[in-house]
$ cat coords_17.csv   # CSV, C-alpha atoms
chain,number,residue,atom,x,y,z
A,1,MET,CA,-32.8,6.6,5.0
A,2,LYS,CA,-30.9,3.3,4.3
A,3,THR,CA,-30.3,2.6,0.7
A,4,ALA,CA,-28.4,-0.6,-0.3
A,5,ILE,CA,-25.4,0.2,-2.4
A,6,ASP,CA,-24.0,-2.3,-4.8
A,7,PRO,CA,-20.4,-3.1,-3.8
A,8,ARG,CA,-19.5,-2.8,-7.5
A,9,THR,CA,-20.5,0.9,-7.3
A,10,ILE,CA,-17.9,1.4,-4.5
A,11,ASN,CA,-15.4,-0.6,-6.4
A,12,ALA,CA,-15.8,1.4,-9.5
A,13,LEU,CA,-15.4,4.6,-7.4
A,14,ARG,CA,-12.1,3.3,-5.9
A,15,GLY,CA,-10.9,2.5,-9.4
A,16,ARG,CA,-11.7,5.9,-10.7
A,17,ALA,CA,-10.2,7.6,-7.7
A,18,ALA,CA,-7.0,5.5,-8.2
A,19,GLU,CA,-6.9,6.5,-11.9
A,20,GLU,CA,-7.2,10.1,-11.1
A,21,GLY,CA,-4.4,9.9,-8.5
A,22,LEU,CA,-6.8,10.7,-5.6
A,23,LEU,CA,-5.9,7.7,-3.4
A,24,ASP,CA,-3.4,9.6,-1.2
A,25,VAL,CA,-3.7,6.8,1.4
A,26,ALA,CA,-5.0,3.4,0.5
A,27,TYR,CA,-5.6,0.9,3.3
A,28,ALA,CA,-6.7,-2.7,3.9
A,29,THR,CA,-6.8,-5.2,6.7
A,30,ALA,CA,-4.9,-8.4,6.6
A,31,ASP,CA,-5.0,-11.6,8.6
A,32,SER,CA,-1.9,-12.7,10.4
A,33,PRO,CA,-1.1,-15.4,13.0
A,34,PHE,CA,-1.3,-12.6,15.6
A,35,GLY,CA,-4.6,-11.1,14.6
A,36,THR,CA,-5.7,-8.5,12.1
A,37,LEU,CA,-3.2,-6.1,10.7
A,38,LEU,CA,-3.9,-2.7,9.2
A,39,LEU,CA,-1.9,-1.9,6.1
A,40,ALA,CA,-1.7,1.6,4.6
A,41,ARG,CA,0.3,2.9,1.7
A,42,THR,CA,0.8,6.1,-0.2
A,43,LYS,CA,2.0,6.6,-3.8
A,44,ARG,CA,5.5,6.4,-2.4
A,45,GLY,CA,5.1,3.1,-0.6
A,46,LEU,CA,4.0,1.4,2.6
A,47,VAL,CA,3.5,4.0,5.3
A,48,ARG,CA,1.9,2.3,8.2
A,49,VAL,CA,1.4,-1.2,9.6
A,50,GLY,CA,-1.0,-1.4,12.5
A,51,LEU,CA,-0.5,-4.3,14.8
A,52,PRO,CA,-3.5,-6.3,16.2
A,53,ASN,CA,-3.5,-4.6,19.6
A,54,GLN,CA,-3.6,-1.1,18.0
A,55,ASP,CA,-6.8,0.8,17.4
A,56,ALA,CA,-7.3,0.9,13.6
A,57,ASP,CA,-9.7,3.9,13.7
A,58,GLU,CA,-7.1,5.9,15.6
A,59,LEU,CA,-4.4,5.0,13.2
A,60,LEU,CA,-6.6,6.0,10.2
A,61,ALA,CA,-7.5,9.3,11.8
A,62,ASP,CA,-3.8,9.9,12.4
A,63,LEU,CA,-3.0,9.2,8.8
A,64,ALA,CA,-5.8,11.6,7.7
A,65,ASP,CA,-4.3,14.2,9.9
A,66,ARG,CA,-0.6,13.7,9.1
A,67,VAL,CA,-0.6,12.5,5.5
A,68,SER,CA,-3.8,13.4,3.8
A,69,PRO,CA,-7.6,13.1,4.6
A,70,ARG,CA,-8.0,11.3,1.3
A,71,VAL,CA,-7.9,7.9,3.1
A,72,LEU,CA,-9.8,5.2,1.3
A,73,GLU,CA,-10.1,1.4,1.9
A,74,ALA,CA,-8.7,-0.1,-1.3
A,75,PRO,CA,-7.6,-3.7,-0.7
A,76,ALA,CA,-6.3,-4.2,-4.3
A,77,GLU,CA,-3.7,-1.5,-3.7
A,78,LEU,CA,-2.2,-3.6,-0.8
A,79,ASP,CA,-2.1,-7.0,-2.6
A,80,GLU,CA,1.7,-7.0,-2.9
A,81,VAL,CA,2.2,-6.1,0.8
A,82,ARG,CA,-0.2,-8.8,1.9
A,83,ARG,CA,1.5,-11.3,-0.3
A,84,GLU,CA,4.9,-10.6,1.1
A,85,LEU,CA,3.7,-10.6,4.7
A,86,ASP,CA,1.9,-14.0,4.2
A,87,LEU,CA,5.1,-15.5,2.9
A,88,TYR,CA,7.0,-14.0,5.8
A,89,PHE,CA,4.7,-15.5,8.4
A,90,ASP,CA,5.0,-18.8,6.6
A,91,GLY,CA,8.8,-18.6,7.0
A,92,LYS,CA,9.2,-18.4,3.2
A,93,LEU,CA,10.5,-14.8,2.9
A,94,ASP,CA,13.6,-13.4,4.5
A,95,HIS,CA,13.7,-10.0,2.8
A,96,PHE,CA,10.9,-7.6,2.1
A,97,SER,CA,11.2,-5.8,-1.2
A,98,LEU,CA,8.4,-3.3,-0.6
A,99,PRO,CA,8.9,0.4,-1.3
A,100,LEU,CA,8.5,2.3,2.0
A,101,ASP,CA,7.3,5.8,2.8
A,102,TRP,CA,9.3,7.1,5.7
A,103,ARG,CA,7.4,10.4,6.1
A,104,LEU,CA,5.8,9.6,9.5
A,105,SER,CA,9.2,9.6,11.2
A,106,GLY,CA,11.8,12.4,11.0
A,107,GLY,CA,15.3,13.2,12.1
A,108,PHE,CA,17.1,10.9,14.5
A,109,ARG,CA,14.1,8.5,14.7
A,110,GLN,CA,14.1,8.0,10.9
A,111,ARG,CA,17.8,7.3,11.0
A,112,VAL,CA,17.3,4.7,13.7
A,113,LEU,CA,14.5,3.1,11.7
A,114,ARG,CA,16.5,3.1,8.5
A,115,ALA,CA,19.3,1.4,10.4
A,116,ILE,CA,16.9,-1.2,11.8
A,117,ASP,CA,15.6,-1.8,8.2
A,118,ARG,CA,19.1,-3.1,7.4
A,119,ILE,CA,19.3,-5.7,10.2
A,120,PRO,CA,19.2,-9.1,8.3
A,121,TYR,CA,16.6,-11.7,8.9
A,122,GLY,CA,17.3,-14.0,11.8
A,123,GLN,CA,19.8,-11.6,13.5
A,124,THR,CA,19.5,-9.2,16.4
A,125,ARG,CA,21.1,-5.9,17.4
A,126,SER,CA,21.1,-3.9,20.6
A,127,TYR,CA,19.5,-0.5,21.1
A,128,THR,CA,23.0,0.9,21.7
A,129,GLU,CA,24.2,-0.3,18.3
A,130,MET,CA,21.2,1.3,16.7
A,131,ALA,CA,21.8,4.6,18.4
A,132,ARG,CA,25.4,4.5,17.2
A,133,LYS,CA,24.4,3.7,13.6
A,134,ALA,CA,22.0,6.6,13.7
A,135,GLY,CA,24.9,8.9,14.7
A,136,ASN,CA,24.6,9.3,18.5
A,137,GLU,CA,25.8,6.3,20.6
A,138,ARG,CA,24.7,8.0,23.8
A,139,ALA,CA,21.1,8.4,22.7
A,140,VAL,CA,20.1,4.8,23.6
A,141,ARG,CA,16.9,5.8,25.2
A,142,ALA,CA,15.9,7.9,22.1
A,143,ALA,CA,16.8,4.9,20.0
A,144,GLY,CA,14.5,2.7,22.1
A,145,SER,CA,11.7,5.2,21.7
A,146,ALA,CA,12.2,5.4,18.0
A,147,CYS,CA,11.7,1.6,17.9
A,148,GLY,CA,8.6,2.0,20.0
A,149,SER,CA,7.2,4.5,17.6
A,150,ASN,CA,8.0,2.5,14.4
A,151,PRO,CA,5.2,3.2,12.0
A,152,ILE,CA,6.0,0.2,9.9
A,153,PRO,CA,6.6,-2.7,12.3
A,154,LEU,CA,7.2,-6.2,10.9
A,155,VAL,CA,8.5,-4.9,7.6
A,156,VAL,CA,10.9,-2.5,9.4
A,157,PRO,CA,12.0,-5.2,11.9
A,158,CYS,CA,12.2,-3.4,15.2
A,159,HIS,CA,11.5,-6.9,16.8
A,160,ARG,CA,15.2,-7.6,16.0
A,161,VAL,CA,16.4,-5.0,18.4
A,162,LEU,CA,17.1,-6.3,21.9
A,163,ARG,CA,18.7,-4.9,25.1
A,164,THR,CA,22.4,-5.3,25.5
A,165,GLY,CA,22.8,-8.7,27.1
A,166,GLY,CA,19.9,-10.2,25.1
A,167,ALA,CA,16.8,-9.2,27.2
A,168,LEU,CA,13.8,-8.7,24.9
A,169,GLY,CA,13.2,-5.0,25.8
A,170,GLY,CA,9.8,-3.8,24.6
A,171,TYR,CA,7.4,-4.2,21.6
A,172,GLY,CA,4.4,-2.3,20.4
A,173,GLY,CA,2.6,-5.5,19.6
A,174,GLY,CA,3.3,-7.0,23.0
A,175,LEU,CA,6.3,-9.1,24.1
A,176,PRO,CA,4.7,-12.4,23.3
A,177,MET,CA,4.5,-11.3,19.6
A,178,LYS,CA,8.1,-10.1,19.6
A,179,GLN,CA,9.2,-13.5,21.1
A,180,ALA,CA,7.1,-15.4,18.5
A,181,LEU,CA,8.7,-13.4,15.6
A,182,LEU,CA,12.2,-14.1,16.9
A,183,GLU,CA,11.3,-17.8,17.2
A,184,LEU,CA,9.9,-17.7,13.6
A,185,GLU,CA,13.2,-16.3,12.4
A,186,GLY,CA,15.1,-19.0,14.4
A,187,VAL,CA,16.7,-16.5,16.8
A,188,LEU,CA,15.1,-17.8,19.9
A,189,ASP,CA,14.4,-21.4,20.5
A,190,GLY,CA,11.3,-21.0,22.5
A,191,ARG,CA,12.7,-20.6,26.0
A,192,SER,CA,11.5,-17.5,27.6
A,193,SER,CA,13.9,-14.7,28.1
A,194,THR,CA,12.8,-11.3,29.4
B,195,MET,CA,-11.8,23.5,13.8
B,196,THR,CA,-12.9,19.9,13.5
B,197,PRO,CA,-10.2,17.8,11.9
B,198,LEU,CA,-11.2,16.1,8.6
B,199,PRO,CA,-12.0,12.4,9.3
B,200,PRO,CA,-10.6,9.8,6.8
B,201,PHE,CA,-12.6,10.0,3.6
B,202,GLN,CA,-13.6,6.4,4.0
B,203,ASN,CA,-15.7,7.4,7.1
B,204,VAL,CA,-17.5,10.0,5.1
B,205,LEU,CA,-18.3,7.5,2.4
B,206,ASP,CA,-19.4,4.9,4.9
B,207,GLU,CA,-21.6,7.3,6.8
B,208,HIS,CA,-23.3,9.2,4.0
B,209,SER,CA,-23.2,7.0,0.9
B,210,ALA,CA,-26.7,5.5,1.5
B,211,THR,CA,-28.2,9.0,2.0
B,212,VAL,CA,-26.6,10.4,-1.1
B,213,MET,CA,-27.7,7.4,-3.2
B,214,GLY,CA,-31.2,7.6,-1.9
B,215,ILE,CA,-31.5,11.2,-2.7
B,216,LEU,CA,-29.9,10.8,-6.2
B,217,ARG,CA,-32.4,7.9,-7.0
B,218,GLY,CA,-35.1,10.3,-6.1
B,219,ALA,CA,-33.6,13.1,-8.2
B,220,VAL,CA,-32.5,11.3,-11.4
B,221,GLY,CA,-33.9,7.7,-11.2
B,222,ARG,CA,-32.1,4.5,-10.5
B,223,ASP,CA,-30.0,4.3,-13.6
B,224,GLY,CA,-28.8,7.9,-13.5
B,225,ALA,CA,-28.1,7.6,-9.8
B,226,GLU,CA,-25.1,5.2,-10.2
B,227,ASP,CA,-23.3,7.8,-12.4
B,228,CYS,CA,-24.2,10.7,-10.3
B,229,PHE,CA,-23.1,8.9,-7.2
B,230,GLN,CA,-19.6,8.3,-8.7
B,231,GLU,CA,-19.4,11.9,-9.9
B,232,THR,CA,-20.5,13.2,-6.5
B,233,PHE,CA,-18.0,11.3,-4.5
B,234,LEU,CA,-15.2,11.9,-7.0
B,235,ALA,CA,-15.8,15.6,-6.8
B,236,ALA,CA,-16.0,15.4,-3.0
B,237,LEU,CA,-12.7,13.5,-2.9
B,238,ARG,CA,-11.0,16.1,-5.2
B,239,GLY,CA,-12.1,18.9,-3.0
B,240,TYR,CA,-11.9,17.2,0.4
B,241,PRO,CA,-8.4,18.3,1.6
B,242,LYS,CA,-9.3,21.9,1.0
B,243,LEU,CA,-12.6,21.7,2.9
B,244,LYS,CA,-12.4,24.2,5.7
B,245,ASP,CA,-15.2,23.0,8.0
B,246,ALA,CA,-16.0,19.3,8.7
B,247,SER,CA,-19.0,20.1,10.8
B,248,ASN,CA,-21.6,19.7,8.1
B,249,LEU,CA,-20.2,17.0,5.8
B,250,ARG,CA,-23.7,15.8,5.0
B,251,GLY,CA,-24.8,19.2,3.7
B,252,TRP,CA,-21.6,19.6,1.7
B,253,LEU,CA,-22.2,16.2,0.0
B,254,LEU,CA,-25.8,16.8,-0.7
B,255,THR,CA,-25.0,20.2,-2.3
B,256,ILE,CA,-22.5,18.4,-4.6
B,257,ALA,CA,-25.0,15.6,-5.3
B,258,HIS,CA,-27.6,18.2,-6.4
B,259,ARG,CA,-25.2,19.9,-8.7
B,260,LYS,CA,-24.5,16.5,-10.2
B,261,ALA,CA,-28.2,15.7,-10.5
B,262,ILE,CA,-28.8,19.0,-12.2
B,263,ASP,CA,-25.9,18.4,-14.6
B,264,HIS,CA,-27.5,15.0,-15.4
B,265,HIS,CA,-30.8,16.6,-16.2
B,266,ARG,CA,-29.2,19.2,-18.3
B,267,ALA,CA,-27.1,16.7,-20.3
B,268,ARG,CA,-30.2,14.7,-21.0
B,269,GLY,CA,-32.5,17.6,-21.8
B,270,ARG,CA,-33.2,17.9,-25.5
B,271,ALA,CA,-35.2,20.8,-26.9
B,272,PRO,CA,-36.0,22.9,-23.8
B,273,ILE,CA,-39.7,23.6,-23.5
B,274,PRO,CA,-40.4,26.9,-21.8
B,275,VAL,CA,-42.9,26.5,-19.1
B,276,ALA,CA,-45.2,29.2,-17.8
B,277,VAL,CA,-45.6,27.9,-14.3
B,278,VAL,CA,-43.3,26.1,-12.1
B,279,PRO,CA,-45.0,23.1,-10.6
B,280,GLU,CA,-45.6,23.6,-6.9
B,281,VAL,CA,-45.4,19.9,-6.1
B,282,ALA,CA,-43.0,17.2,-7.0
B,283,ALA,CA,-44.0,14.9,-9.8
B,284,GLU,CA,-45.6,11.8,-8.6
B,285,ASN,CA,-42.7,9.4,-9.3
B,286,GLY,CA,-40.2,11.9,-8.1
B,287,LEU,CA,-38.8,12.3,-11.6
B,288,PRO,CA,-38.9,15.7,-13.3
B,289,GLY,CA,-40.5,15.7,-16.8
B,290,PRO,CA,-38.6,16.3,-20.0
B,291,ASP,CA,-38.6,20.1,-19.5
B,292,ALA,CA,-34.9,20.5,-19.4
B,293,GLY,CA,-35.2,24.3,-19.8
B,294,LEU,CA,-36.5,24.3,-16.3
B,295,TRP,CA,-33.4,22.6,-15.0
B,296,ASP,CA,-31.2,25.0,-16.9
B,297,ALA,CA,-32.9,27.8,-15.1
B,298,VAL,CA,-32.5,26.0,-11.8
B,299,ALA,CA,-28.8,25.5,-12.5
B,300,ALA,CA,-28.5,29.2,-13.1
B,301,LEU,CA,-29.9,30.1,-9.6
B,302,PRO,CA,-27.5,31.3,-6.9
B,303,PRO,CA,-26.2,28.3,-4.9
B,304,LYS,CA,-28.4,28.4,-1.9
B,305,GLN,CA,-31.6,28.9,-3.9
B,306,ARG,CA,-30.5,26.3,-6.4
B,307,ALA,CA,-29.8,23.8,-3.7
B,308,ALA,CA,-33.1,24.6,-1.9
B,309,VAL,CA,-35.2,24.1,-5.1
B,310,ALA,CA,-33.4,20.9,-6.0
B,311,LEU,CA,-33.7,19.5,-2.6
B,312,ARG,CA,-37.4,20.4,-2.4
B,313,TYR,CA,-38.5,19.4,-5.8
B,314,GLY,CA,-35.8,17.0,-7.0
B,315,SER,CA,-35.5,15.0,-3.7
B,316,ASP,CA,-38.8,15.9,-2.1
B,317,LEU,CA,-37.2,16.8,1.2
B,318,PRO,CA,-39.2,18.7,3.8
B,319,HIS,CA,-37.9,22.2,4.9
B,320,ALA,CA,-36.2,20.9,8.1
B,321,GLU,CA,-34.2,18.4,6.0
B,322,ILE,CA,-33.3,21.1,3.5
B,323,ALA,CA,-32.1,23.3,6.4
B,324,ALA,CA,-30.0,20.4,7.7
B,325,ALA,CA,-28.5,19.8,4.3
B,326,LEU,CA,-27.7,23.4,3.8
B,327,GLY,CA,-26.6,24.0,7.3
B,328,CYS,CA,-29.0,26.9,7.9
B,329,SER,CA,-32.2,27.5,9.9
B,330,PRO,CA,-35.5,26.1,8.5
B,331,GLU,CA,-36.6,29.7,8.2
B,332,ALA,CA,-33.6,30.5,6.0
B,333,ALA,CA,-34.2,27.4,3.9
B,334,ARG,CA,-37.8,28.4,3.4
B,335,ARG,CA,-36.7,31.9,2.3
B,336,SER,CA,-34.1,30.5,-0.1
B,337,LEU,CA,-36.7,28.2,-1.6
B,338,HIS,CA,-39.2,31.1,-1.9
B,339,GLU,CA,-36.6,33.4,-3.5
B,340,GLY,CA,-35.6,30.6,-5.9
B,341,LEU,CA,-39.1,29.9,-7.0
B,342,LYS,CA,-39.8,33.6,-7.5
B,343,ARG,CA,-36.8,33.9,-9.7
B,344,LEU,CA,-37.7,30.8,-11.7
B,345,ARG,CA,-41.2,32.1,-12.3
B,346,LYS,CA,-39.8,35.4,-13.6
B,347,GLU,CA,-37.2,33.6,-15.8
B,348,LEU,CA,-39.6,31.1,-17.3
B,349,ALA,CA,-42.7,33.3,-17.6
$ encode --input "coords_17.csv" --output "C-alpha cells"
Amino acid sequence: MKTAIDPRTINALRGRAAEEGLLDVAYATADSPFGTLLLARTKRGLVRVGLPNQDADELLADLADRVSPRVLEAPAELDEVRRELDLYFDGKLDHFSLPLDWRLSGGFRQRVLRAIDRIPYGQTRSYTEMARKAGNERAVRAAGSACGSNPIPLVVPCHRVLRTGGALGGYGGGLPMKQALLELEGVLDGRSST
Amino acid sequence: MTPLPPFQNVLDEHSATVMGILRGAVGRDGAEDCFQETFLAALRGYPKLKDASNLRGWLLTIAHRKAIDHHRARGRAPIPVAVVPEVAAENGLPGPDAGLWDAVAALPPKQRAAVALRYGSDLPHAEIAAALGCSPEAARRSLHEGLKRLRKELA
C-alpha cells in the first residue's frame, strides 16, 4: 500500500519531535567540493561528519547503536554546520565555532583529537607531536589510528597532521582530498608529496 | 537481538502504510493528526523497544490506539448499540456511535487491535496476524473473543 505523504506532515513531525527533545541525533547531507557529506549532531553538538567515500547508511546505523536509535533526518538542525562548512570550502573561514560532541571517541584517542582540534588553520603538525600532546610521545602509531578514526573530520582538522618529514600519511577521505584541503589552506602549493 | 535501526528508516519504510491505515480508520483529516501522534509516541518509546523484528506490527498497534483515541475524543453522546456490525461501513468510516469505540478501547490489547484492524482498517486476517506478530489462527481467535466481549458489553 503506497500512500503519498505530504512533506509538510513529515516537517511538522520533525518540529514536534525537536520541541519535545526527542531528536537525539539529527542529520542532514551537505554538498561539498569533494562530494556529499553526512552531518550529524546531538543536543551537545556536532558528533559525526561522514566523508563522501563513507557509507552513510552504515554511519547512521552506527550512531543508532552508539548514541541513540532516535536518529532523524532534520536538515534545519544542521543549518549552522552547513553554513560554516560552505564558508570554509570557499576559503572564507579559518576557525570553526561549532559546539562538538566528543562522545564517539574516548581516552587517548579523544586526547589526540582534542589536540588536533587546536592546530591552527594553514599549519601542520606531525603524528609524533600529537602523541606527545596527548600524553604519550611513544604512542605515535596509536595517534595515527586516532586520526584515522576521527568521527568529525574537516571540523576537527586531522588533515593537518602529517608524517615527520612532511609526507602526507593517510586520510579517511582519500589522499587526494587531504592534499586538496592542505592546498586550500595554503600549506601545499599543488606539487605532489606523498 | 536485532539492533534498532535509525528511526528515520522506520519512518521511511512504514509511514505510507501507517497513513493508509489511518485514513481508512479515521478519514483523511483526522489521519494527519493521528499520524503525528503515532510517530511521536513511537519515537518516545523507541529506545526502550526490546524487539525490532516486528516494527510494522508495533507501529500499527500504536496507530490503532491513536485512531481509537480520535474516535473517542470526537464521540458525543454515546449511543448504545445492540448488535456489533459484522462488516465494515461502506466508506470505511465508523458511524457516530462512539460508545462502541469506548467499548473497543476497553478491550484487552490483542482483542482491541484485532477488532480495530478488522473493522477500522478493513484488513484481512492474514494482515492482522502480520501486524500483531501472531498466527492467522490466533488473530482470528482474538477477533472472535473481542467481538464476543463487545456483544456482551453492548447488549
$ residues_around --input "coords_17.csv" --residues "Glu19 (chain A)" --least-positions-apart "5" --cutoff "12 Å" --atoms "all atoms listed in the file" --output "ChimeraX atom specification"
/A:12-14,24,77 /B:234
$ axis_aligned_box --input "coords_17.csv" --around "region 205-219 of chain B" --padding-each-side "4 Å" --output "AutoDock Vina command-line options"
--center_x -26.7 --center_y 9.0 --center_z -0.7 --size_x 24.8 --size_y 16.2 --size_z 23.0
$ residues_around --input "coords_17.csv" --residues "region 49-61 of chain A" --least-positions-apart "5" --cutoff "8 Å" --atoms "all atoms listed in the file" --output "PyMOL selection string"
(chain A and resi 34-40+71+151-154+172-174) or (chain B and resi 199-200)
$ interface_residues --input "coords_17.csv" --of "chain A" --to "chain B" --cutoff "10 Å" --atoms "all atoms listed in the file" --output "PyMOL selection string"
chain A and resi 1-6+9-10+12-14+16-17+20-23+25-27+57+60-65+68-74
$ atom_distance --input "coords_17.csv" --atom1 "CA of Thr42 (chain A)" --atom2 "CA of Arg103 (chain A)"
10.1 Å
$ build_atoms --input "coords_17.csv" --residues "region 315-342 of chain B" --atoms "N, CA and C atoms" --output "tab-separated table (two decimals), keeping the file's coordinate frame"
chain	number	residue	atom	x	y	z
B	315	SER	N	-35.64	16.12	-4.72
B	315	SER	CA	-35.50	15.00	-3.70
B	315	SER	C	-36.71	14.96	-2.79
B	316	ASP	N	-37.62	15.94	-2.92
B	316	ASP	CA	-38.80	15.90	-2.10
B	316	ASP	C	-38.53	15.93	-0.62
B	317	LEU	N	-37.53	16.72	-0.24
B	317	LEU	CA	-37.20	16.80	1.20
B	317	LEU	C	-38.06	17.90	1.86
B	318	PRO	N	-38.45	17.68	3.11
B	318	PRO	CA	-39.20	18.70	3.80
B	318	PRO	C	-38.20	19.85	4.24
B	319	HIS	N	-38.77	20.99	4.64
B	319	HIS	CA	-37.90	22.20	4.90
B	319	HIS	C	-36.85	21.88	5.97
B	320	ALA	N	-37.21	21.11	6.99
B	320	ALA	CA	-36.20	20.90	8.10
B	320	ALA	C	-35.02	20.11	7.53
B	321	GLU	N	-35.27	19.15	6.63
B	321	GLU	CA	-34.20	18.40	6.00
B	321	GLU	C	-33.32	19.27	5.12
B	322	ILE	N	-33.99	20.13	4.38
B	322	ILE	CA	-33.30	21.10	3.50
B	322	ILE	C	-32.36	21.94	4.35
B	323	ALA	N	-32.92	22.41	5.46
B	323	ALA	CA	-32.10	23.30	6.40
B	323	ALA	C	-30.92	22.51	6.86
B	324	ALA	N	-31.12	21.24	7.24
B	324	ALA	CA	-30.00	20.40	7.70
B	324	ALA	C	-28.94	20.25	6.66
B	325	ALA	N	-29.42	20.00	5.44
B	325	ALA	CA	-28.50	19.80	4.30
B	325	ALA	C	-27.70	21.04	4.00
B	326	LEU	N	-28.36	22.19	4.12
B	326	LEU	CA	-27.70	23.40	3.80
B	326	LEU	C	-26.95	24.04	4.95
B	327	GLY	N	-27.20	23.49	6.13
B	327	GLY	CA	-26.60	24.00	7.30
B	327	GLY	C	-27.10	25.40	7.68
B	328	CYS	N	-28.40	25.61	7.50
B	328	CYS	CA	-29.00	26.90	7.90
B	328	CYS	C	-30.28	26.60	8.68
B	329	SER	N	-30.96	27.64	9.11
B	329	SER	CA	-32.20	27.50	9.90
B	329	SER	C	-33.33	27.09	8.88
B	330	PRO	N	-34.37	26.41	9.38
B	330	PRO	CA	-35.50	26.10	8.50
B	330	PRO	C	-36.10	27.36	7.89
B	331	GLU	N	-36.08	28.43	8.67
B	331	GLU	CA	-36.60	29.70	8.20
B	331	GLU	C	-35.81	30.18	6.96
B	332	ALA	N	-34.49	30.10	7.08
B	332	ALA	CA	-33.60	30.50	6.00
B	332	ALA	C	-33.79	29.62	4.78
B	333	ALA	N	-34.01	28.32	5.04
B	333	ALA	CA	-34.20	27.40	3.90
B	333	ALA	C	-35.49	27.73	3.18
B	334	ARG	N	-36.53	28.04	3.96
B	334	ARG	CA	-37.80	28.40	3.40
B	334	ARG	C	-37.66	29.67	2.50
B	335	ARG	N	-36.87	30.60	3.04
B	335	ARG	CA	-36.70	31.90	2.30
B	335	ARG	C	-35.90	31.60	1.01
B	336	SER	N	-34.85	30.78	1.07
B	336	SER	CA	-34.10	30.50	-0.10
B	336	SER	C	-34.97	29.80	-1.18
B	337	LEU	N	-35.81	28.90	-0.72
B	337	LEU	CA	-36.70	28.20	-1.60
B	337	LEU	C	-37.68	29.20	-2.26
B	338	HIS	N	-38.22	30.07	-1.44
B	338	HIS	CA	-39.20	31.10	-1.90
B	338	HIS	C	-38.53	31.99	-2.94
B	339	GLU	N	-37.33	32.49	-2.61
B	339	GLU	CA	-36.60	33.40	-3.50
B	339	GLU	C	-36.31	32.66	-4.84
B	340	GLY	N	-35.91	31.40	-4.72
B	340	GLY	CA	-35.60	30.60	-5.90
B	340	GLY	C	-36.77	30.43	-6.81
B	341	LEU	N	-37.90	30.13	-6.20
B	341	LEU	CA	-39.10	29.90	-7.00
B	341	LEU	C	-39.56	31.22	-7.67
B	342	LYS	N	-39.43	32.33	-6.92
B	342	LYS	CA	-39.80	33.60	-7.50
B	342	LYS	C	-39.01	33.92	-8.72
